[in-house]
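S.K.: Structure file input39.cif (mmCIF, C-alpha atoms) is given on the next line.
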```
data_upload
loop_
_atom_site.label_atom_id
_atom_site.label_comp_id
_atom_site.auth_asym_id
_atom_site.auth_seq_id
_atom_site.Cartn_x
_atom_site.Cartn_y
_atom_site.Cartn_z
CA MET A 1 -35.43 76.33 -40.32
CA THR A 2 -37.46 73.74 -38.40
CA LEU A 3 -37.25 73.25 -34.64
CA THR A 4 -35.78 69.81 -35.27
CA ALA A 5 -33.01 71.29 -37.44
CA ASN A 6 -32.32 73.92 -34.76
CA PHE A 7 -32.02 71.19 -32.13
CA LEU A 8 -29.64 69.14 -34.27
CA MET A 9 -27.50 72.19 -35.03
CA ASN A 10 -27.09 73.20 -31.36
CA HIS A 11 -29.08 71.28 -28.76
CA GLN A 12 -27.72 73.36 -25.85
CA GLY A 13 -28.83 76.58 -27.52
CA PHE A 14 -32.18 75.02 -28.32
CA MET A 15 -32.63 73.94 -24.70
CA SER A 16 -32.03 77.48 -23.46
CA THR A 17 -35.11 78.75 -25.29
CA HIS A 18 -37.43 75.72 -25.45
CA ALA A 19 -38.87 73.36 -22.88
CA ILE A 20 -39.24 69.87 -24.31
CA LEU A 21 -42.62 68.17 -23.89
CA ILE A 22 -43.32 64.53 -24.70
CA PRO A 23 -46.91 63.28 -25.00
CA ALA A 24 -47.94 59.86 -23.71
CA GLN A 25 -48.26 58.30 -27.16
CA VAL A 26 -44.51 58.49 -27.89
CA PRO A 27 -43.12 55.02 -27.16
CA ALA A 28 -40.07 54.57 -24.94
CA ASN A 29 -36.94 53.19 -26.59
CA ASN A 30 -34.93 53.85 -29.77
CA GLY A 31 -36.51 55.92 -32.48
CA ARG A 32 -36.55 58.96 -34.70
CA PHE A 33 -38.15 62.09 -33.34
CA LYS A 34 -39.16 65.51 -34.61
CA LEU A 35 -39.99 68.68 -32.70
CA THR A 36 -43.03 70.85 -33.32
CA ALA A 37 -43.86 74.18 -31.72
CA GLN A 38 -46.04 74.09 -28.64
CA GLY A 39 -46.40 77.81 -28.03
CA ALA A 40 -43.45 80.18 -28.33
CA ASN A 41 -41.10 78.50 -25.85
CA ALA A 42 -41.85 74.79 -25.90
CA ALA A 43 -41.36 71.96 -28.35
CA LEU A 44 -43.47 68.83 -28.53
CA VAL A 45 -41.63 65.60 -29.37
CA GLU A 46 -43.32 63.41 -31.97
CA ALA A 47 -42.32 60.05 -33.42
CA SER A 48 -40.88 60.29 -36.94
CA ASN A 49 -39.66 57.99 -39.68
CA GLN A 50 -37.47 60.57 -41.43
CA ASN A 51 -33.71 59.89 -41.43
CA SER A 52 -33.05 63.63 -41.17
CA ASP A 53 -34.82 63.85 -37.79
CA ILE A 54 -33.42 63.24 -34.30
CA ASN A 55 -31.95 59.78 -33.83
CA GLY A 56 -32.34 58.95 -30.18
CA PHE A 57 -33.76 57.18 -27.18
CA TYR A 58 -36.79 58.33 -25.20
CA VAL A 59 -36.60 57.55 -21.47
CA HIS A 60 -40.23 57.22 -20.35
CA PRO A 61 -41.26 57.69 -16.70
CA VAL A 62 -43.92 55.10 -15.86
CA ALA A 63 -45.73 56.33 -12.74
CA ASN A 64 -44.82 54.74 -9.41
CA ASN A 65 -41.95 52.77 -10.92
CA ASN A 66 -38.22 52.46 -10.97
CA ASN A 67 -37.73 52.99 -14.73
CA ILE A 68 -34.36 51.61 -15.90
CA TYR A 69 -32.97 51.98 -19.44
CA ILE A 70 -29.61 50.85 -20.84
CA LEU A 71 -28.58 53.49 -23.37
CA PRO A 72 -27.27 52.35 -26.75
CA THR A 73 -23.63 52.74 -27.68
CA GLN A 74 -21.58 52.29 -30.84
CA GLN A 75 -23.76 54.72 -32.77
CA PRO A 76 -22.19 55.84 -36.06
CA ASP A 77 -23.52 59.40 -35.70
CA THR A 78 -24.54 61.69 -32.87
CA TYR A 79 -27.33 60.06 -30.88
CA TYR A 80 -29.58 61.67 -28.23
CA MET A 81 -31.49 60.73 -25.11
CA LEU A 82 -34.65 62.70 -24.26
CA THR A 83 -36.67 62.96 -21.06
CA ASP A 84 -40.05 64.50 -20.44
CA GLY A 85 -40.14 67.76 -18.55
CA MET A 86 -39.46 66.48 -15.04
CA ASN A 87 -41.45 67.94 -12.13
CA GLY A 88 -40.53 65.72 -9.22
CA CYS A 89 -39.08 62.61 -10.88
CA GLN A 90 -35.54 61.41 -10.29
CA PHE A 91 -32.85 60.99 -12.96
CA ILE A 92 -29.79 58.81 -12.33
CA ALA A 93 -27.08 57.97 -14.89
CA TYR A 94 -24.33 55.50 -14.05
CA GLY A 95 -21.93 52.98 -15.48
CA PRO A 96 -18.35 51.74 -15.64
CA ASP A 97 -17.54 54.53 -18.15
CA ARG A 98 -19.30 57.02 -20.43
CA GLN A 99 -19.58 54.39 -23.17
CA HIS A 100 -21.76 52.06 -21.07
CA ILE A 101 -24.48 54.04 -19.31
CA THR A 102 -27.69 53.00 -17.61
CA VAL A 103 -30.21 55.72 -16.84
CA GLU A 104 -33.20 55.75 -14.56
CA HIS A 105 -36.15 58.11 -14.85
CA ASN A 106 -37.79 57.16 -11.59
CA ASN A 107 -41.28 58.21 -10.66
CA PHE A 108 -42.29 57.35 -7.11
CA ILE A 109 -45.34 59.60 -6.74
CA ASN A 110 -46.94 57.53 -4.00
CA ASN A 111 -43.78 56.94 -1.94
CA ALA A 112 -41.22 59.75 -2.10
CA ALA A 113 -38.90 57.88 0.31
CA ASN A 114 -38.09 55.52 -2.59
CA TYR A 115 -36.09 58.32 -4.28
CA THR A 116 -33.58 58.42 -1.43
CA THR A 117 -33.48 54.65 -1.17
CA ARG A 118 -32.75 54.24 -4.88
CA LEU A 119 -30.19 57.06 -4.99
CA ASN A 120 -28.30 55.60 -2.02
CA TYR A 121 -28.36 52.12 -3.53
CA ILE A 122 -26.83 53.32 -6.82
CA ALA A 123 -24.34 55.67 -5.11
CA ASN A 124 -23.09 52.79 -2.95
CA GLN A 125 -22.24 50.75 -6.08
CA ASN A 126 -19.29 53.13 -6.71
CA PHE A 127 -19.66 53.35 -10.48
CA ASN A 128 -16.88 55.20 -12.30
CA TYR A 129 -19.53 57.43 -13.89
CA PHE A 130 -22.36 58.68 -11.67
CA PHE A 131 -24.71 61.63 -12.19
CA HIS A 132 -28.06 62.31 -10.55
CA ILE A 133 -30.83 64.84 -10.29
CA SER A 134 -33.38 64.42 -7.52
CA ALA A 135 -35.91 67.04 -6.47
CA GLY A 136 -35.27 68.44 -3.02
CA THR A 137 -31.82 66.88 -2.52
CA ALA A 138 -28.25 67.95 -3.19
CA ASN A 139 -27.87 67.63 -6.95
CA ASN A 140 -25.12 67.59 -9.50
CA ILE A 141 -26.20 71.00 -10.86
CA PRO A 142 -23.59 73.56 -9.79
CA ASN A 143 -25.33 76.66 -8.43
CA GLY A 144 -28.63 75.29 -9.69
CA ALA A 145 -31.72 73.83 -8.17
CA TYR A 146 -34.35 71.34 -9.17
CA ILE A 147 -37.60 72.88 -8.01
CA PRO A 148 -40.44 70.49 -8.91
CA MET A 149 -42.96 73.27 -9.58
CA GLN A 150 -40.57 74.80 -12.15
CA GLY A 151 -39.36 71.51 -13.63
CA ILE A 152 -36.25 70.50 -15.57
CA ASN A 153 -35.38 68.88 -18.90
CA ILE A 154 -32.44 66.54 -19.46
CA ILE A 155 -30.86 65.83 -22.83
CA GLY A 156 -28.16 63.23 -23.32
CA GLU A 157 -25.79 63.19 -26.28
CA TYR A 158 -23.72 60.23 -27.41
CA ARG A 159 -20.67 60.54 -29.63
CA ALA A 160 -18.24 57.66 -30.00
CA VAL A 161 -15.30 59.88 -29.01
CA ASN A 162 -16.90 61.20 -25.75
CA GLY A 163 -19.48 58.59 -24.85
CA TRP A 164 -22.61 59.85 -23.12
CA ARG A 165 -22.81 63.42 -21.79
CA PHE A 166 -25.85 65.10 -20.24
CA TRP A 167 -27.23 68.65 -20.11
CA VAL A 168 -29.92 69.96 -17.75
CA ARG A 169 -32.25 72.90 -18.25
CA ASP A 170 -33.92 74.29 -15.14
CA ARG A 171 -37.09 76.42 -14.95
CA VAL A 172 -38.96 74.59 -17.69
CA ASP A 173 -42.06 76.57 -16.63
CA GLN A 174 -40.45 79.86 -17.73
CA ASN A 175 -39.35 81.25 -21.09
CA GLN A 176 -35.63 81.19 -20.31
CA GLY A 177 -33.95 78.44 -18.35
CA ASN A 178 -30.33 78.00 -17.40
CA ILE A 179 -28.35 75.20 -19.03
CA TYR A 180 -25.93 73.09 -16.98
CA GLY A 181 -23.45 70.60 -18.36
CA PRO A 182 -22.06 68.65 -19.87
CA PHE A 183 -22.07 66.08 -17.09
#
```
How does the structure come out when it is put into structure tokens?
M.R.:
Amino acid sequence: MTLTANFLMNHQGFMSTHAILIPAQVPANNGRFKLTAQGANAALVEASNQNSDINGFYVHPVANNNNIYILPTQQPDTYYMLTDGMNGCQFIAYGPDRQHITVEHNNFINNAANYTTRLNYIANQNFNYFFHISAGTANNIPNGAYIPMQGINIIGEYRAVNGWRFWVRDRVDQNQGNIYGPF
């Protein structure tokens, strides 16, 4: 069975054994994606045009930017959101409900104070749905930590019945990470 098929069968199980890596040439936005082995415990995301591959949205972190993406809804089948392995970036998901979610994969390398500023700005909007992961701050990972040197992965899953839900894997630098979620 391919890595892509394993992911589609059980993405939480897949996340517990594989870090997800996304090279720069994968374009942000809607697409089809496949996973190929990158060593024993990592999977490289590649663009695909096969209907049997992962239908999803790649949330790209442009350096030194507030990167905002409105996630698609009304998908007929399960739909995914993928992030790069995060090693200091900030992830914020918010909206009026789980059906209408905006995510941010913020990368403020040159001014770390922008993470707190952005998080406070979004938190003060009082969205009905709010989830965030920021390195070095109190996170939404129960009993977990986001240590930049170890990294994290975040996968979102959309189903019409549940809306968007998110899972986090910590310790991307190690063979076995803990999975948290759904959030």
S.K.: Counting only C-alpha atoms, write as a ChimeraX atom specification all protein and nucleic acid residues lying at most 10 Å from (-32.2, 61.4, -38.2) in the file's frame.
M.R.: /A:4-5,8,31-34,48-56,77-79
S.K.: If the PyMOL selection byres ((chain A and resi 155) around 7) were run on this exact file, what residues would it hold? Put them as a ChimeraX atom specification.
M.R.: /A:80-83,153-154,156-157,166-168
S.K.: Excluding segment 113-123 of chain A and any residue of its chain fewer than 3 positions from it, enumerate the residues within 12 Å of it, using all atoms listed in the file, and give them as a PyMOL selection string.
M.R.: chain A and resi 64-68+88-95+102-110+126-139
S.K.: With C-alpha atoms kept, could you save the residues just selected as an mmCIF file, in the frame of the given file?
M.R.:
```cif
data_model
loop_
_atom_site.group_PDB
_atom_site.id
_atom_site.type_symbol
_atom_site.label_atom_id
_atom_site.label_comp_id
_atom_site.auth_asym_id
_atom_site.auth_seq_id
_atom_site.Cartn_x
_atom_site.Cartn_y
_atom_site.Cartn_z
ATOM 1 C CA ASN A 64 -44.820 54.740 -9.410
ATOM 2 C CA ASN A 65 -41.950 52.770 -10.920
ATOM 3 C CA ASN A 66 -38.220 52.460 -10.970
ATOM 4 C CA ASN A 67 -37.730 52.990 -14.730
ATOM 5 C CA ILE A 68 -34.360 51.610 -15.900
ATOM 6 C CA GLY A 88 -40.530 65.720 -9.220
ATOM 7 C CA CYS A 89 -39.080 62.610 -10.880
ATOM 8 C CA GLN A 90 -35.540 61.410 -10.290
ATOM 9 C CA PHE A 91 -32.850 60.990 -12.960
ATOM 10 C CA ILE A 92 -29.790 58.810 -12.330
ATOM 11 C CA ALA A 93 -27.080 57.970 -14.890
ATOM 12 C CA TYR A 94 -24.330 55.500 -14.050
ATOM 13 C CA GLY A 95 -21.930 52.980 -15.480
ATOM 14 C CA THR A 102 -27.690 53.000 -17.610
ATOM 15 C CA VAL A 103 -30.210 55.720 -16.840
ATOM 16 C CA GLU A 104 -33.200 55.750 -14.560
ATOM 17 C CA HIS A 105 -36.150 58.110 -14.850
ATOM 18 C CA ASN A 106 -37.790 57.160 -11.590
ATOM 19 C CA ASN A 107 -41.280 58.210 -10.660
ATOM 20 C CA PHE A 108 -42.290 57.350 -7.110
ATOM 21 C CA ILE A 109 -45.340 59.600 -6.740
ATOM 22 C CA ASN A 110 -46.940 57.530 -4.000
ATOM 23 C CA ASN A 126 -19.290 53.130 -6.710
ATOM 24 C CA PHE A 127 -19.660 53.350 -10.480
ATOM 25 C CA ASN A 128 -16.880 55.200 -12.300
ATOM 26 C CA TYR A 129 -19.530 57.430 -13.890
ATOM 27 C CA PHE A 130 -22.360 58.680 -11.670
ATOM 28 C CA PHE A 131 -24.710 61.630 -12.190
ATOM 29 C CA HIS A 132 -28.060 62.310 -10.550
ATOM 30 C CA ILE A 133 -30.830 64.840 -10.290
ATOM 31 C CA SER A 134 -33.380 64.420 -7.520
ATOM 32 C CA ALA A 135 -35.910 67.040 -6.470
ATOM 33 C CA GLY A 136 -35.270 68.440 -3.020
ATOM 34 C CA THR A 137 -31.820 66.880 -2.520
ATOM 35 C CA ALA A 138 -28.250 67.950 -3.190
ATOM 36 C CA ASN A 139 -27.870 67.630 -6.950
#
```
S.K.: Which of these, A:Ala160, A:Ala145, A:Leu35, A:Val26, has the shortest distance to His11 of chain A once you count all atoms listed in the file?
M.R.: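 Using all atoms listed in the file, His11 of chain A sits closest to A:Leu35.
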S.K.: Which of these residues is nearest to Val45 of chain A, using all atoms listed in the file: A:Asn87, A:Asn162, A:Gln25, A:Asn30?
M.R.: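 Closest candidate: A:Gln25.
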S.K.: Which one of A:Leu3, A:Gly39, A:Ile22, A:Gly13 sits closest to Tyr180 of chain A if you count all atoms listed in the file?
M.R.: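 Of the candidates, the smallest distance to Tyr180 of chain A is held by A:Gly13.
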S.K.: Show me, as a ChimeraX atom specification, the residues that have an atom within 9 Å of segment 176-179 of chain A when counting all atoms listed in the file, minus same-chain residues fewer than 5 positions from it.
M.R.: /A:12-13,15-19,41,144,152,167-171
S.K.: Since the input lacks atoms, please generate N, CA and C atoms for segment 113-136 of chain A and provide them as an mmCIF file, keeping the file's coordinate frame.
M.R.:
```cif
data_model
loop_
_atom_site.group_PDB
_atom_site.id
_atom_site.type_symbol
_atom_site.label_atom_id
_atom_site.label_comp_id
_atom_site.auth_asym_id
_atom_site.auth_seq_id
_atom_site.Cartn_x
_atom_site.Cartn_y
_atom_site.Cartn_z
ATOM 1 N N ALA A 113 -40.072 58.437 -0.368
ATOM 2 C CA ALA A 113 -38.900 57.880 0.310
ATOM 3 C C ALA A 113 -38.118 56.946 -0.628
ATOM 4 N N ASN A 114 -38.772 56.403 -1.648
ATOM 5 C CA ASN A 114 -38.090 55.520 -2.590
ATOM 6 C C ASN A 114 -36.998 56.241 -3.384
ATOM 7 N N TYR A 115 -37.131 57.565 -3.564
ATOM 8 C CA TYR A 115 -36.090 58.320 -4.280
ATOM 9 C C TYR A 115 -34.766 58.227 -3.529
ATOM 10 N N THR A 116 -34.799 58.482 -2.238
ATOM 11 C CA THR A 116 -33.580 58.420 -1.430
ATOM 12 C C THR A 116 -33.030 57.007 -1.372
ATOM 13 N N THR A 117 -33.906 56.045 -1.216
ATOM 14 C CA THR A 117 -33.480 54.650 -1.170
ATOM 15 C C THR A 117 -32.762 54.261 -2.452
ATOM 16 N N ARG A 118 -33.353 54.609 -3.591
ATOM 17 C CA ARG A 118 -32.750 54.240 -4.880
ATOM 18 C C ARG A 118 -31.443 54.972 -5.099
ATOM 19 N N LEU A 119 -31.414 56.278 -4.815
ATOM 20 C CA LEU A 119 -30.190 57.060 -4.990
ATOM 21 C C LEU A 119 -29.062 56.482 -4.145
ATOM 22 N N ASN A 120 -29.327 56.168 -2.893
ATOM 23 C CA ASN A 120 -28.300 55.600 -2.020
ATOM 24 C C ASN A 120 -27.819 54.246 -2.525
ATOM 25 N N TYR A 121 -28.735 53.431 -3.015
ATOM 26 C CA TYR A 121 -28.360 52.120 -3.530
ATOM 27 C C TYR A 121 -27.387 52.258 -4.701
ATOM 28 N N ILE A 122 -27.704 53.131 -5.650
ATOM 29 C CA ILE A 122 -26.830 53.320 -6.820
ATOM 30 C C ILE A 122 -25.513 53.964 -6.400
ATOM 31 N N ALA A 123 -25.568 54.989 -5.554
ATOM 32 C CA ALA A 123 -24.340 55.670 -5.110
ATOM 33 C C ALA A 123 -23.391 54.690 -4.423
ATOM 34 N N ASN A 124 -23.917 53.755 -3.679
ATOM 35 C CA ASN A 124 -23.090 52.790 -2.950
ATOM 36 C C ASN A 124 -22.466 51.729 -3.857
ATOM 37 N N GLN A 125 -22.845 51.692 -5.141
ATOM 38 C CA GLN A 125 -22.240 50.750 -6.080
ATOM 39 C C GLN A 125 -20.883 51.239 -6.579
ATOM 40 N N ASN A 126 -20.571 52.527 -6.336
ATOM 41 C CA ASN A 126 -19.290 53.130 -6.710
ATOM 42 C C ASN A 126 -18.954 52.994 -8.192
ATOM 43 N N PHE A 127 -19.908 53.342 -9.040
ATOM 44 C CA PHE A 127 -19.660 53.350 -10.480
ATOM 45 C C PHE A 127 -18.638 54.417 -10.829
ATOM 46 N N ASN A 128 -17.849 54.192 -11.851
ATOM 47 C CA ASN A 128 -16.880 55.200 -12.300
ATOM 48 C C ASN A 128 -17.572 56.449 -12.817
ATOM 49 N N TYR A 129 -18.738 56.278 -13.452
ATOM 50 C CA TYR A 129 -19.530 57.430 -13.890
ATOM 51 C C TYR A 129 -20.833 57.419 -13.099
ATOM 52 N N PHE A 130 -21.145 58.561 -12.470
ATOM 53 C CA PHE A 130 -22.360 58.680 -11.670
ATOM 54 C C PHE A 130 -22.839 60.114 -11.716
ATOM 55 N N PHE A 131 -24.085 60.312 -12.113
ATOM 56 C CA PHE A 131 -24.710 61.630 -12.190
ATOM 57 C C PHE A 131 -26.160 61.477 -11.765
ATOM 58 N N HIS A 132 -26.654 62.419 -10.962
ATOM 59 C CA HIS A 132 -28.060 62.310 -10.550
ATOM 60 C C HIS A 132 -28.696 63.679 -10.373
ATOM 61 N N ILE A 133 -29.995 63.677 -10.548
ATOM 62 C CA ILE A 133 -30.830 64.840 -10.290
ATOM 63 C C ILE A 133 -32.046 64.326 -9.532
ATOM 64 N N SER A 134 -32.230 64.810 -8.328
ATOM 65 C CA SER A 134 -33.380 64.420 -7.520
ATOM 66 C C SER A 134 -33.962 65.676 -6.891
ATOM 67 N N ALA A 135 -35.261 65.860 -7.030
ATOM 68 C CA ALA A 135 -35.910 67.040 -6.470
ATOM 69 C C ALA A 135 -35.723 67.080 -4.962
ATOM 70 N N GLY A 136 -35.365 68.255 -4.456
ATOM 71 C CA GLY A 136 -35.270 68.440 -3.020
ATOM 72 C C GLY A 136 -34.033 67.884 -2.355
#
```
